[in-house]
file entry.pdb (PDB, C-alpha atoms, pLDDT in the B column)
ATOM      1  CA  MET A   1      11.156 -11.669  -1.004  1.00 50.00           C
ATOM      2  CA  THR A   2       7.877 -10.484  -2.477  1.00 58.00           C
ATOM      3  CA  ALA A   3       7.131  -6.791  -2.890  1.00 68.00           C
ATOM      4  CA  ALA A   4       5.117  -5.160  -0.144  1.00 69.00           C
ATOM      5  CA  ALA A   5       1.881  -3.560  -1.330  1.00 63.00           C
ATOM      6  CA  PRO A   6       1.769   0.206  -0.773  1.00 68.00           C
ATOM      7  CA  SER A   7      -0.400   1.303   2.120  1.00 64.00           C
ATOM      8  CA  ALA A   8      -3.475   3.437   1.480  1.00 56.00           C
ATOM      9  CA  VAL A   9      -1.771   6.594   2.743  1.00 53.00           C
ATOM     10  CA  SER A  10       1.393   6.094   0.703  1.00 59.00           C
ATOM     11  CA  ARG A  11       0.006   5.039  -2.660  1.00 92.00           C
ATOM     12  CA  ILE A  12       1.037   8.133  -4.629  1.00 97.00           C
ATOM     13  CA  ALA A  13       4.440   7.977  -6.342  1.00 98.00           C
ATOM     14  CA  VAL A  14       5.845  11.028  -8.115  1.00 98.00           C
ATOM     15  CA  VAL A  15       8.422  10.259 -10.822  1.00 98.00           C
ATOM     16  CA  THR A  16      10.462  13.067 -12.365  1.00 98.00           C
ATOM     17  CA  GLY A  17      11.963  12.761 -15.819  1.00 97.00           C
ATOM     18  CA  ALA A  18       9.238  10.255 -16.680  1.00 97.00           C
ATOM     19  CA  SER A  19       9.079  11.015 -20.399  1.00 96.00           C
ATOM     20  CA  SER A  20      11.551   8.288 -21.421  1.00 95.00           C
ATOM     21  CA  GLY A  21      14.224   5.864 -20.292  1.00 96.00           C
ATOM     22  CA  ILE A  22      14.574   5.019 -16.623  1.00 97.00           C
ATOM     23  CA  GLY A  23      11.823   7.407 -15.560  1.00 97.00           C
ATOM     24  CA  ALA A  24       9.211   5.922 -17.885  1.00 97.00           C
ATOM     25  CA  ALA A  25      10.241   2.356 -16.986  1.00 98.00           C
ATOM     26  CA  THR A  26      10.038   3.180 -13.274  1.00 98.00           C
ATOM     27  CA  ALA A  27       6.577   4.669 -13.675  1.00 98.00           C
ATOM     28  CA  ARG A  28       5.398   1.495 -15.396  1.00 98.00           C
ATOM     29  CA  GLN A  29       6.822  -0.767 -12.688  1.00 98.00           C
ATOM     30  CA  LEU A  30       5.536   1.309  -9.765  1.00 98.00           C
ATOM     31  CA  ALA A  31       2.093   1.420 -11.370  1.00 97.00           C
ATOM     32  CA  ALA A  32       2.169  -2.362 -11.709  1.00 97.00           C
ATOM     33  CA  ALA A  33       3.147  -2.554  -8.021  1.00 96.00           C
ATOM     34  CA  GLY A  34      -0.046  -0.714  -7.070  1.00 96.00           C
ATOM     35  CA  TYR A  35       1.038   2.913  -6.868  1.00 97.00           C
ATOM     36  CA  ARG A  36      -0.892   5.846  -8.252  1.00 97.00           C
ATOM     37  CA  VAL A  37       1.866   7.374 -10.349  1.00 98.00           C
ATOM     38  CA  VAL A  38       2.257  11.051 -11.098  1.00 98.00           C
ATOM     39  CA  LEU A  39       4.426  11.508 -14.174  1.00 98.00           C
ATOM     40  CA  THR A  40       6.425  14.719 -14.473  1.00 98.00           C
ATOM     41  CA  ALA A  41       8.721  15.938 -17.242  1.00 97.00           C
ATOM     42  CA  ARG A  42       9.039  18.914 -19.544  1.00 96.00           C
ATOM     43  CA  ARG A  43       7.734  17.028 -22.579  1.00 95.00           C
ATOM     44  CA  LYS A  44       4.007  17.074 -21.973  1.00 97.00           C
ATOM     45  CA  ASP A  45       3.087  14.953 -25.001  1.00 97.00           C
ATOM     46  CA  ARG A  46       5.260  12.051 -23.890  1.00 97.00           C
ATOM     47  CA  ILE A  47       4.056  11.848 -20.308  1.00 98.00           C
ATOM     48  CA  GLU A  48       0.448  12.226 -21.405  1.00 98.00           C
ATOM     49  CA  ALA A  49       0.908   9.294 -23.790  1.00 98.00           C
ATOM     50  CA  LEU A  50       2.444   7.232 -20.988  1.00 98.00           C
ATOM     51  CA  ALA A  51      -0.382   8.152 -18.616  1.00 98.00           C
ATOM     52  CA  GLU A  52      -2.894   7.007 -21.235  1.00 98.00           C
ATOM     53  CA  GLU A  53      -0.983   3.740 -21.696  1.00 98.00           C
ATOM     54  CA  LEU A  54      -0.979   3.034 -17.964  1.00 98.00           C
ATOM     55  CA  THR A  55      -4.626   3.976 -17.536  1.00 98.00           C
ATOM     56  CA  ALA A  56      -5.605   1.702 -20.424  1.00 98.00           C
ATOM     57  CA  ALA A  57      -3.773  -1.115 -18.631  1.00 97.00           C
ATOM     58  CA  GLY A  58      -5.918  -0.569 -15.537  1.00 97.00           C
ATOM     59  CA  HIS A  59      -3.467   1.494 -13.514  1.00 96.00           C
ATOM     60  CA  SER A  60      -3.793   4.977 -12.048  1.00 96.00           C
ATOM     61  CA  ALA A  61      -1.597   7.601 -13.701  1.00 97.00           C
ATOM     62  CA  THR A  62      -1.565  11.369 -14.066  1.00 97.00           C
ATOM     63  CA  ALA A  63       0.688  13.522 -16.234  1.00 98.00           C
ATOM     64  CA  TYR A  64       1.944  16.925 -15.094  1.00 98.00           C
ATOM     65  CA  ALA A  65       4.296  18.970 -17.283  1.00 98.00           C
ATOM     66  CA  LEU A  66       7.053  20.255 -15.015  1.00 98.00           C
ATOM     67  CA  ASP A  67      10.584  21.614 -15.237  1.00 97.00           C
ATOM     68  CA  VAL A  68      12.209  20.726 -11.916  1.00 98.00           C
ATOM     69  CA  THR A  69      14.679  23.601 -12.284  1.00 98.00           C
ATOM     70  CA  ASP A  70      11.784  26.086 -12.109  1.00 98.00           C
ATOM     71  CA  ARG A  71      11.311  26.500  -8.350  1.00 98.00           C
ATOM     72  CA  ALA A  72       8.084  28.494  -8.600  1.00 98.00           C
ATOM     73  CA  ALA A  73       6.525  25.819 -10.812  1.00 98.00           C
ATOM     74  CA  VAL A  74       7.730  23.067  -8.467  1.00 98.00           C
ATOM     75  CA  ASP A  75       6.233  24.818  -5.430  1.00 98.00           C
ATOM     76  CA  GLU A  76       2.912  25.213  -7.241  1.00 98.00           C
ATOM     77  CA  PHE A  77       2.955  21.528  -8.198  1.00 98.00           C
ATOM     78  CA  ALA A  78       3.556  20.534  -4.576  1.00 98.00           C
ATOM     79  CA  THR A  79       0.382  22.303  -3.384  1.00 97.00           C
ATOM     80  CA  ALA A  80      -1.671  19.551  -5.035  1.00 95.00           C
ATOM     81  CA  PHE A  81      -0.550  16.970  -2.450  1.00 96.00           C
ATOM     82  CA  ARG A  82      -1.348  16.564   1.212  1.00 95.00           C
ATOM     83  CA  THR A  83       0.505  13.270   1.389  1.00 96.00           C
ATOM     84  CA  ILE A  84       2.590  11.207  -1.016  1.00 97.00           C
ATOM     85  CA  GLY A  85       4.408   7.947  -0.479  1.00 97.00           C
ATOM     86  CA  VAL A  86       7.279   8.006  -2.953  1.00 98.00           C
ATOM     87  CA  LEU A  87       9.359  10.578  -4.796  1.00 98.00           C
ATOM     88  CA  VAL A  88      11.688   9.272  -7.494  1.00 98.00           C
ATOM     89  CA  ASN A  89      14.248  11.932  -8.430  1.00 98.00           C
ATOM     90  CA  ASN A  90      15.177  10.749 -11.893  1.00 98.00           C
ATOM     91  CA  ALA A  91      15.344  13.978 -13.928  1.00 96.00           C
ATOM     92  CA  GLY A  92      18.876  14.822 -15.005  1.00 95.00           C
ATOM     93  CA  GLY A  93      21.443  13.789 -17.563  1.00 94.00           C
ATOM     94  CA  ALA A  94      24.851  14.433 -19.083  1.00 93.00           C
ATOM     95  CA  LEU A  95      26.059  16.990 -21.607  1.00 93.00           C
ATOM     96  CA  GLY A  96      29.360  16.680 -23.417  1.00 93.00           C
ATOM     97  CA  ALA A  97      32.542  14.722 -22.722  1.00 94.00           C
ATOM     98  CA  ASP A  98      35.183  17.413 -22.962  1.00 94.00           C
ATOM     99  CA  PRO A  99      38.150  17.607 -20.590  1.00 95.00           C
ATOM    100  CA  VAL A 100      38.058  20.089 -17.744  1.00 97.00           C
ATOM    101  CA  ALA A 101      40.471  22.387 -19.584  1.00 97.00           C
ATOM    102  CA  THR A 102      38.067  22.941 -22.477  1.00 96.00           C
ATOM    103  CA  GLY A 103      34.654  22.001 -21.093  1.00 95.00           C
ATOM    104  CA  ASP A 104      31.740  24.332 -21.805  1.00 96.00           C
ATOM    105  CA  PRO A 105      30.744  26.150 -18.577  1.00 97.00           C
ATOM    106  CA  GLU A 106      27.187  26.363 -19.885  1.00 97.00           C
ATOM    107  CA  ASP A 107      27.000  22.568 -20.084  1.00 96.00           C
ATOM    108  CA  TRP A 108      28.342  22.331 -16.533  1.00 97.00           C
ATOM    109  CA  ARG A 109      25.739  24.827 -15.307  1.00 97.00           C
ATOM    110  CA  ARG A 110      22.870  23.015 -17.009  1.00 96.00           C
ATOM    111  CA  MET A 111      23.975  19.653 -15.602  1.00 96.00           C
ATOM    112  CA  TYR A 112      24.216  21.086 -12.106  1.00 97.00           C
ATOM    113  CA  GLU A 113      20.800  22.711 -12.385  1.00 98.00           C
ATOM    114  CA  THR A 114      19.014  19.580 -13.604  1.00 97.00           C
ATOM    115  CA  ASN A 115      20.805  16.914 -11.585  1.00 97.00           C
ATOM    116  CA  VAL A 116      21.370  18.790  -8.326  1.00 98.00           C
ATOM    117  CA  LEU A 117      19.136  21.841  -8.017  1.00 98.00           C
ATOM    118  CA  GLY A 118      16.244  20.017  -9.681  1.00 98.00           C
ATOM    119  CA  THR A 119      16.531  17.229  -7.123  1.00 98.00           C
ATOM    120  CA  LEU A 120      16.817  19.783  -4.330  1.00 98.00           C
ATOM    121  CA  ASN A 121      13.779  21.748  -5.530  1.00 98.00           C
ATOM    122  CA  ILE A 122      11.344  18.844  -5.791  1.00 98.00           C
ATOM    123  CA  THR A 123      12.622  17.127  -2.648  1.00 98.00           C
ATOM    124  CA  GLN A 124      12.265  20.262  -0.532  1.00 98.00           C
ATOM    125  CA  ALA A 125       8.813  20.975  -1.946  1.00 98.00           C
ATOM    126  CA  LEU A 126       7.447  17.455  -1.374  1.00 98.00           C
ATOM    127  CA  LEU A 127       9.207  16.533   1.861  1.00 98.00           C
ATOM    128  CA  PRO A 128       6.298  17.781   4.042  1.00 98.00           C
ATOM    129  CA  ALA A 129       3.865  15.565   2.099  1.00 97.00           C
ATOM    130  CA  LEU A 130       6.242  12.601   2.290  1.00 98.00           C
ATOM    131  CA  THR A 131       6.538  13.083   6.045  1.00 97.00           C
ATOM    132  CA  ALA A 132       2.784  13.512   6.460  1.00 96.00           C
ATOM    133  CA  SER A 133       2.214  10.121   4.817  1.00 96.00           C
ATOM    134  CA  GLY A 134       3.858   8.453   7.812  1.00 96.00           C
ATOM    135  CA  ASP A 135       5.755   6.170   5.433  1.00 96.00           C
ATOM    136  CA  GLY A 136       7.599   8.151   2.776  1.00 97.00           C
ATOM    137  CA  THR A 137      10.502   7.272   0.508  1.00 98.00           C
ATOM    138  CA  VAL A 138      12.794   9.626  -1.384  1.00 98.00           C
ATOM    139  CA  VAL A 139      14.703   7.939  -4.194  1.00 98.00           C
ATOM    140  CA  VAL A 140      17.666   9.686  -5.786  1.00 98.00           C
ATOM    141  CA  VAL A 141      18.742   8.154  -9.092  1.00 98.00           C
ATOM    142  CA  SER A 142      22.373   9.174  -9.203  1.00 98.00           C
ATOM    143  CA  SER A 143      25.079   7.317 -11.127  1.00 97.00           C
ATOM    144  CA  THR A 144      28.319   5.465 -10.625  1.00 97.00           C
ATOM    145  CA  ALA A 145      29.708   8.811 -11.832  1.00 96.00           C
ATOM    146  CA  GLY A 146      28.797  10.044  -8.370  1.00 97.00           C
ATOM    147  CA  HIS A 147      31.200   7.548  -6.804  1.00 97.00           C
ATOM    148  CA  GLY A 148      34.200   7.632  -9.113  1.00 96.00           C
ATOM    149  CA  THR A 149      35.813   9.835 -11.739  1.00 95.00           C
ATOM    150  CA  TYR A 150      36.729   9.338 -15.371  1.00 94.00           C
ATOM    151  CA  GLU A 151      38.374  11.437 -18.043  1.00 95.00           C
ATOM    152  CA  GLY A 152      35.993  13.539 -20.076  1.00 94.00           C
ATOM    153  CA  GLY A 153      33.283  13.341 -17.451  1.00 94.00           C
ATOM    154  CA  GLY A 154      34.200  16.252 -15.205  1.00 95.00           C
ATOM    155  CA  GLY A 155      30.961  18.210 -15.350  1.00 96.00           C
ATOM    156  CA  TYR A 156      28.657  15.203 -15.100  1.00 96.00           C
ATOM    157  CA  VAL A 157      30.825  13.572 -12.433  1.00 97.00           C
ATOM    158  CA  ALA A 158      30.799  16.767 -10.380  1.00 97.00           C
ATOM    159  CA  ALA A 159      27.022  17.045 -10.608  1.00 97.00           C
ATOM    160  CA  LYS A 160      26.452  13.410  -9.689  1.00 98.00           C
ATOM    161  CA  HIS A 161      28.873  13.609  -6.768  1.00 98.00           C
ATOM    162  CA  ALA A 162      26.821  16.561  -5.515  1.00 98.00           C
ATOM    163  CA  GLU A 163      23.585  14.608  -5.948  1.00 98.00           C
ATOM    164  CA  HIS A 164      25.063  11.689  -3.995  1.00 98.00           C
ATOM    165  CA  VAL A 165      26.081  14.009  -1.163  1.00 98.00           C
ATOM    166  CA  LEU A 166      22.619  15.604  -1.183  1.00 98.00           C
ATOM    167  CA  ALA A 167      21.039  12.185  -0.583  1.00 98.00           C
ATOM    168  CA  GLU A 168      23.592  11.196   2.043  1.00 98.00           C
ATOM    169  CA  THR A 169      23.203  14.463   3.953  1.00 98.00           C
ATOM    170  CA  LEU A 170      19.402  14.399   3.806  1.00 98.00           C
ATOM    171  CA  ARG A 171      19.395  10.899   5.283  1.00 98.00           C
ATOM    172  CA  LEU A 172      21.455  12.126   8.230  1.00 98.00           C
ATOM    173  CA  GLU A 173      19.312  15.199   8.765  1.00 98.00           C
ATOM    174  CA  ILE A 174      15.888  13.529   8.746  1.00 98.00           C
ATOM    175  CA  VAL A 175      16.717  10.346  10.637  1.00 98.00           C
ATOM    176  CA  GLY A 176      13.928   9.711  13.124  1.00 98.00           C
ATOM    177  CA  THR A 177      11.226  10.891  10.725  1.00 98.00           C
ATOM    178  CA  PRO A 178       9.064   8.399   8.783  1.00 98.00           C
ATOM    179  CA  VAL A 179      10.941   9.011   5.514  1.00 98.00           C
ATOM    180  CA  ARG A 180      13.601   6.804   3.941  1.00 98.00           C
ATOM    181  CA  VAL A 181      16.288   8.110   1.580  1.00 98.00           C
ATOM    182  CA  VAL A 182      17.406   5.639  -1.076  1.00 98.00           C
ATOM    183  CA  GLU A 183      20.137   6.197  -3.649  1.00 98.00           C
ATOM    184  CA  ILE A 184      20.262   4.058  -6.779  1.00 98.00           C
ATOM    185  CA  ALA A 185      23.528   4.477  -8.704  1.00 98.00           C
ATOM    186  CA  PRO A 186      23.416   2.867 -12.165  1.00 98.00           C
ATOM    187  CA  GLY A 187      26.479   2.197 -14.266  1.00 97.00           C
ATOM    188  CA  MET A 188      26.302   1.719 -18.038  1.00 96.00           C
ATOM    189  CA  VAL A 189      22.653   1.887 -19.055  1.00 96.00           C
ATOM    190  CA  LYS A 190      21.652   1.889 -22.715  1.00 95.00           C
ATOM    191  CA  THR A 191      18.542   3.974 -23.268  1.00 91.00           C
ATOM    192  CA  GLU A 192      17.247   5.661 -26.390  1.00 87.00           C
ATOM    193  CA  GLU A 193      18.329   9.151 -25.346  1.00 86.00           C
ATOM    194  CA  PHE A 194      21.066   9.361 -22.692  1.00 90.00           C
ATOM    195  CA  ALA A 195      24.184   9.113 -24.860  1.00 87.00           C
ATOM    196  CA  LEU A 196      22.488  10.777 -27.822  1.00 87.00           C
ATOM    197  CA  THR A 197      21.685  13.816 -25.686  1.00 90.00           C
ATOM    198  CA  ARG A 198      25.174  13.851 -24.197  1.00 90.00           C
ATOM    199  CA  PHE A 199      26.750  14.060 -27.634  1.00 88.00           C
ATOM    200  CA  GLY A 200      24.343  16.590 -29.108  1.00 90.00           C
ATOM    201  CA  GLY A 201      22.517  14.117 -31.336  1.00 91.00           C
ATOM    202  CA  ASP A 202      25.686  12.575 -32.804  1.00 87.00           C
ATOM    203  CA  THR A 203      24.563   8.980 -33.362  1.00 92.00           C
ATOM    204  CA  ALA A 204      28.073   7.704 -34.115  1.00 94.00           C
ATOM    205  CA  LYS A 205      29.496   9.033 -30.825  1.00 92.00           C
ATOM    206  CA  ALA A 206      26.474   7.741 -28.927  1.00 91.00           C
ATOM    207  CA  ALA A 207      26.866   4.252 -30.403  1.00 92.00           C
ATOM    208  CA  LYS A 208      30.579   4.222 -29.511  1.00 92.00           C
ATOM    209  CA  VAL A 209      29.713   4.315 -25.792  1.00 93.00           C
ATOM    210  CA  TYR A 210      28.172   0.836 -26.001  1.00 94.00           C
ATOM    211  CA  GLU A 211      30.364  -0.619 -28.752  1.00 95.00           C
ATOM    212  CA  GLY A 212      31.257  -4.244 -28.081  1.00 96.00           C
ATOM    213  CA  VAL A 213      29.208  -4.443 -24.871  1.00 96.00           C
ATOM    214  CA  ALA A 214      26.742  -7.250 -25.467  1.00 92.00           C
ATOM    215  CA  GLU A 215      24.434  -6.505 -22.583  1.00 96.00           C
ATOM    216  CA  PRO A 216      24.560  -3.071 -20.995  1.00 97.00           C
ATOM    217  CA  LEU A 217      21.860  -2.405 -18.432  1.00 97.00           C
ATOM    218  CA  THR A 218      18.406  -1.455 -19.689  1.00 97.00           C
ATOM    219  CA  ALA A 219      15.997   1.103 -18.272  1.00 97.00           C
ATOM    220  CA  ASP A 220      13.886  -1.795 -17.010  1.00 98.00           C
ATOM    221  CA  ASP A 221      16.858  -3.200 -15.073  1.00 98.00           C
ATOM    222  CA  VAL A 222      17.256   0.056 -13.171  1.00 98.00           C
ATOM    223  CA  ALA A 223      13.510   0.475 -12.703  1.00 98.00           C
ATOM    224  CA  ASP A 224      13.417  -3.022 -11.223  1.00 98.00           C
ATOM    225  CA  ALA A 225      16.072  -2.024  -8.673  1.00 98.00           C
ATOM    226  CA  ILE A 226      14.175   1.154  -7.798  1.00 98.00           C
ATOM    227  CA  THR A 227      10.884  -0.668  -7.378  1.00 98.00           C
ATOM    228  CA  TRP A 228      12.523  -3.374  -5.275  1.00 98.00           C
ATOM    229  CA  ALA A 229      14.048  -0.792  -2.917  1.00 98.00           C
ATOM    230  CA  VAL A 230      10.805   1.176  -2.632  1.00 97.00           C
ATOM    231  CA  THR A 231       8.735  -1.903  -1.848  1.00 97.00           C
ATOM    232  CA  ARG A 232      10.909  -3.201   0.991  1.00 97.00           C
ATOM    233  CA  PRO A 233       9.239  -3.163   4.438  1.00 96.00           C
ATOM    234  CA  SER A 234       9.124   0.316   5.940  1.00 95.00           C
ATOM    235  CA  HIS A 235      11.928  -0.331   8.430  1.00 96.00           C
ATOM    236  CA  VAL A 236      14.343  -1.368   5.660  1.00 98.00           C
ATOM    237  CA  ASN A 237      16.342   1.474   4.097  1.00 98.00           C
ATOM    238  CA  VAL A 238      18.461   0.668   1.047  1.00 98.00           C
ATOM    239  CA  ASP A 239      20.970   3.478   1.566  1.00 98.00           C
ATOM    240  CA  LEU A 240      22.914   2.912  -1.643  1.00 98.00           C
ATOM    241  CA  LEU A 241      22.521   0.379  -4.419  1.00 98.00           C
ATOM    242  CA  VAL A 242      25.137   0.369  -7.198  1.00 98.00           C
ATOM    243  CA  VAL A 243      23.939  -1.467 -10.301  1.00 98.00           C
ATOM    244  CA  ARG A 244      26.254  -2.258 -13.208  1.00 98.00           C
ATOM    245  CA  PRO A 245      26.174  -4.695 -16.117  1.00 97.00           C
ATOM    246  CA  ARG A 246      28.405  -7.712 -15.650  1.00 97.00           C
ATOM    247  CA  ALA A 247      30.709  -6.400 -18.387  1.00 97.00           C
ATOM    248  CA  GLN A 248      31.499  -3.230 -16.418  1.00 97.00           C
ATOM    249  CA  ALA A 249      33.868  -3.517 -13.453  1.00 97.00           C
ATOM    250  CA  SER A 250      34.261   0.244 -12.946  1.00 96.00           C
ATOM    251  CA  ASN A 251      33.653   3.534 -14.743  1.00 95.00           C
ATOM    252  CA  THR A 252      36.850   2.967 -16.713  1.00 94.00           C
ATOM    253  CA  LYS A 253      37.017  -0.850 -16.942  1.00 96.00           C
ATOM    254  CA  VAL A 254      34.542  -2.346 -19.419  1.00 96.00           C
ATOM    255  CA  HIS A 255      34.839  -5.635 -21.280  1.00 97.00           C
ATOM    256  CA  ARG A 256      34.134  -5.195 -24.987  1.00 97.00           C
ATOM    257  CA  ASP A 257      34.005  -7.883 -27.676  1.00 95.00           C
ATOM    258  CA  LEU A 258      35.580  -6.017 -30.564  1.00 87.00           C
TER     259      LEU A 258
END
call {"tool": "encode", "arguments": {"input": "entry.pdb", "output": "structure tokens"}}
result
Amino acid sequence: MTAAAPSAVSRIAVVTGASSGIGAATARQLAAAGYRVVLTARRKDRIEALAEELTAAGHSATAYALDVTDRAAVDEFATAFRTIGVLVNNAGGALGADPVATGDPEDWRRMYETNVLGTLNITQALLPALTASGDGTVVVVSSTAGHGTYEGGGGYVAAKHAEHVLAETLRLEIVGTPVRVVEIAPGMVKTEEFALTRFGGDTAKAAKVYEGVAEPLTADDVADAITWAVTRPSHVNVDLLVVRPRAQASNTKVHRDL
């Protein structure tokens, strides 16, 4: 099925965490699909460079430095829009892989704030504009961690379970309005920063995550799934799409050629 072109009233797509990885790839693909993309992230230099890249390619892109955990800043950002068509909640991430018994509460707090409260903040702030478009879509980029547990993942798993429930509950609460709620739950995705950030810049630990896995998912793979879901006809809601590499059967079952 070919992608549906965005309507005039729903051409704006806001992407959080657009400075790298899945967020940047999603911004590129939505721009190519005809959306006017608004790139948000804390790292202003990166999103400005991406906006310049997209503009040079003939697309419409704007960069806006934003920390989604700062509610006052999010509310101010939202005043710029009367209507938007798409919100992609991608900002988030993992910190550490310690067991529950010794996990750092500060890491847990930061993961909850970015993955859950950040998604809550921007979704609440932009929901009126999404509704006003008459054809809005909220995308929550969660994780397979939000649907299963694994040792050493307690804090991240807890945050992603909460993000999954946020999306599921929102869908129930706004049914009957012209807004879809889509959850994309990726499994093992190899990006330049995810594992490196999780392990505090330890390149050896980061590399170990993907050791022996010939083809983990890429950021483009996930962005393709997001763009596909967003561009379905308005009456089609992709409630939940779990995307894993072929080598990964579950969070704890991965084929490795070692």
call {"tool": "residues_around", "arguments": {"input": "entry.pdb", "residues": "region 73-84 of chain A", "least_positions_apart": "6", "cutoff": "12 Å", "atoms": "all atoms listed in the file", "output": "ChimeraX atom specification"}}
result
/A:6-16,35-42,63-67,117-138,179
call {"tool": "closest_residue", "arguments": {"input": "entry.pdb", "among": "A:Leu217, A:Leu95, A:Leu241, A:Val230", "to": "Gly201 (chain A)", "atoms": "all atoms listed in the file"}}
result
A:Leu95
call {"tool": "atom_distance", "arguments": {"input": "entry.pdb", "atom1": "CA of Pro99 (chain A)", "atom2": "CA of Arg246 (chain A)"}}
result
27.6 Å
call {"tool": "resolve_selection", "arguments": {"input": "entry.pdb", "expression": "the PyMOL selection byres ((chain A and resi 94) around 10)", "output": "PDB file with C-alpha atoms, keeping the file's coordinate frame"}}
result
ATOM      1  CA  GLY A  92      18.876  14.822 -15.005  1.00 95.00           C
ATOM      2  CA  GLY A  93      21.443  13.789 -17.563  1.00 94.00           C
ATOM      3  CA  LEU A  95      26.059  16.990 -21.607  1.00 93.00           C
ATOM      4  CA  GLY A  96      29.360  16.680 -23.417  1.00 93.00           C
ATOM      5  CA  ALA A  97      32.542  14.722 -22.722  1.00 94.00           C
ATOM      6  CA  ASP A 107      27.000  22.568 -20.084  1.00 96.00           C
ATOM      7  CA  TRP A 108      28.342  22.331 -16.533  1.00 97.00           C
ATOM      8  CA  ARG A 110      22.870  23.015 -17.009  1.00 96.00           C
ATOM      9  CA  MET A 111      23.975  19.653 -15.602  1.00 96.00           C
ATOM     10  CA  TYR A 112      24.216  21.086 -12.106  1.00 97.00           C
ATOM     11  CA  THR A 114      19.014  19.580 -13.604  1.00 97.00           C
ATOM     12  CA  ASN A 115      20.805  16.914 -11.585  1.00 97.00           C
ATOM     13  CA  GLY A 153      33.283  13.341 -17.451  1.00 94.00           C
ATOM     14  CA  GLY A 155      30.961  18.210 -15.350  1.00 96.00           C
ATOM     15  CA  TYR A 156      28.657  15.203 -15.100  1.00 96.00           C
ATOM     16  CA  VAL A 157      30.825  13.572 -12.433  1.00 97.00           C
ATOM     17  CA  ALA A 159      27.022  17.045 -10.608  1.00 97.00           C
ATOM     18  CA  LYS A 160      26.452  13.410  -9.689  1.00 98.00           C
ATOM     19  CA  PHE A 194      21.066   9.361 -22.692  1.00 90.00           C
ATOM     20  CA  ALA A 195      24.184   9.113 -24.860  1.00 87.00           C
ATOM     21  CA  LEU A 196      22.488  10.777 -27.822  1.00 87.00           C
ATOM     22  CA  THR A 197      21.685  13.816 -25.686  1.00 90.00           C
ATOM     23  CA  ARG A 198      25.174  13.851 -24.197  1.00 90.00           C
ATOM     24  CA  PHE A 199      26.750  14.060 -27.634  1.00 88.00           C
TER      25      PHE A 199
END
call {"tool": "atom_distance", "arguments": {"input": "entry.pdb", "atom1": "CA of Arg244 (chain A)", "atom2": "CA of Ala223 (chain A)"}}
result
13.0 Å
call {"tool": "resolve_selection", "arguments": {"input": "entry.pdb", "expression": "the PyMOL selection byres ((chain A and resi 191) around 12)", "output": "ChimeraX atom specification"}}
result
/A:20-25,93,188-190,192-198,206-207,209-210,216-222
call {"tool": "closest_residue", "arguments": {"input": "entry.pdb", "among": "A:Pro245, A:Pro105, A:Gly212, A:Gly146", "to": "Glu163 (chain A)", "atoms": "all atoms listed in the file"}}
result
A:Gly146
call {"tool": "closest_residue", "arguments": {"input": "entry.pdb", "among": "A:Asp257, A:Ala249, A:Thr227, A:Gly176", "to": "Val86 (chain A)", "atoms": "all atoms listed in the file"}}
result
A:Thr227
call {"tool": "residues_around", "arguments": {"input": "entry.pdb", "residues": "Val141 (chain A)", "least_positions_apart": "4", "cutoff": "8 Å", "atoms": "only C-alpha atoms", "output": "PyMOL selection string"}}
result
chain A and resi 88-90+183-186
call {"tool": "closest_residue", "arguments": {"input": "entry.pdb", "among": "A:Val213, A:Val238, A:Ala27, A:Ala32", "to": "Glu168 (chain A)", "atoms": "only C-alpha atoms"}}
result
A:Val238
call {"tool": "atom_distance", "arguments": {"input": "entry.pdb", "atom1": "CA of Gly187 (chain A)", "atom2": "CA of Ser143 (chain A)"}}
result
6.2 Å
call {"tool": "resolve_selection", "arguments": {"input": "entry.pdb", "expression": "the PyMOL selection byres ((chain A and resi 148) around 10)", "output": "list in words"}}
result
Ser143, Thr144, Ala145, Gly146, His147, Thr149, Tyr150, Val157, Ala158, Lys160, His161, Ser250, Asn251 and Thr252 of chain A
call {"tool": "closest_residue", "arguments": {"input": "entry.pdb", "among": "A:Ala91, A:Leu50, A:Val68, A:Ile226", "to": "Thr26 (chain A)", "atoms": "all atoms listed in the file"}}
result
A:Ile226
call {"tool": "closest_residue", "arguments": {"input": "entry.pdb", "among": "A:Ala225, A:Ala56, A:Ala101, A:Ala72", "to": "Val139 (chain A)", "atoms": "only C-alpha atoms"}}
result
A:Ala225
call {"tool": "decode", "arguments": {"input": "entry.pdb", "residues": "region 204-208 of chain A", "atoms": "N, CA, C and O atoms", "output": "PDB file, in the first residue's frame"}}
result
ATOM      1  N   ALA A 204      33.367  -0.653  25.169  1.00  0.00           N
ATOM      2  CA  ALA A 204      33.434  -2.114  25.210  1.00  0.00           C
ATOM      3  C   ALA A 204      32.094  -2.705  25.642  1.00  0.00           C
ATOM      4  O   ALA A 204      31.602  -3.677  25.058  1.00  0.00           O
ATOM      5  N   LYS A 205      31.480  -2.148  26.686  1.00  0.00           N
ATOM      6  CA  LYS A 205      30.176  -2.628  27.143  1.00  0.00           C
ATOM      7  C   LYS A 205      29.102  -2.380  26.090  1.00  0.00           C
ATOM      8  O   LYS A 205      28.228  -3.222  25.880  1.00  0.00           O
ATOM      9  N   ALA A 206      29.189  -1.233  25.428  1.00  0.00           N
ATOM     10  CA  ALA A 206      28.203  -0.916  24.390  1.00  0.00           C
ATOM     11  C   ALA A 206      28.299  -1.905  23.232  1.00  0.00           C
ATOM     12  O   ALA A 206      27.279  -2.376  22.709  1.00  0.00           O
ATOM     13  N   ALA A 207      29.516  -2.242  22.826  1.00  0.00           N
ATOM     14  CA  ALA A 207      29.715  -3.169  21.716  1.00  0.00           C
ATOM     15  C   ALA A 207      29.228  -4.567  22.074  1.00  0.00           C
ATOM     16  O   ALA A 207      28.746  -5.314  21.204  1.00  0.00           O
ATOM     17  N   LYS A 208      29.321  -4.940  23.343  1.00  0.00           N
ATOM     18  CA  LYS A 208      28.928  -6.272  23.796  1.00  0.00           C
ATOM     19  C   LYS A 208      27.438  -6.532  23.567  1.00  0.00           C
ATOM     20  O   LYS A 208      27.029  -7.673  23.317  1.00  0.00           O
TER      21      LYS A 208
END
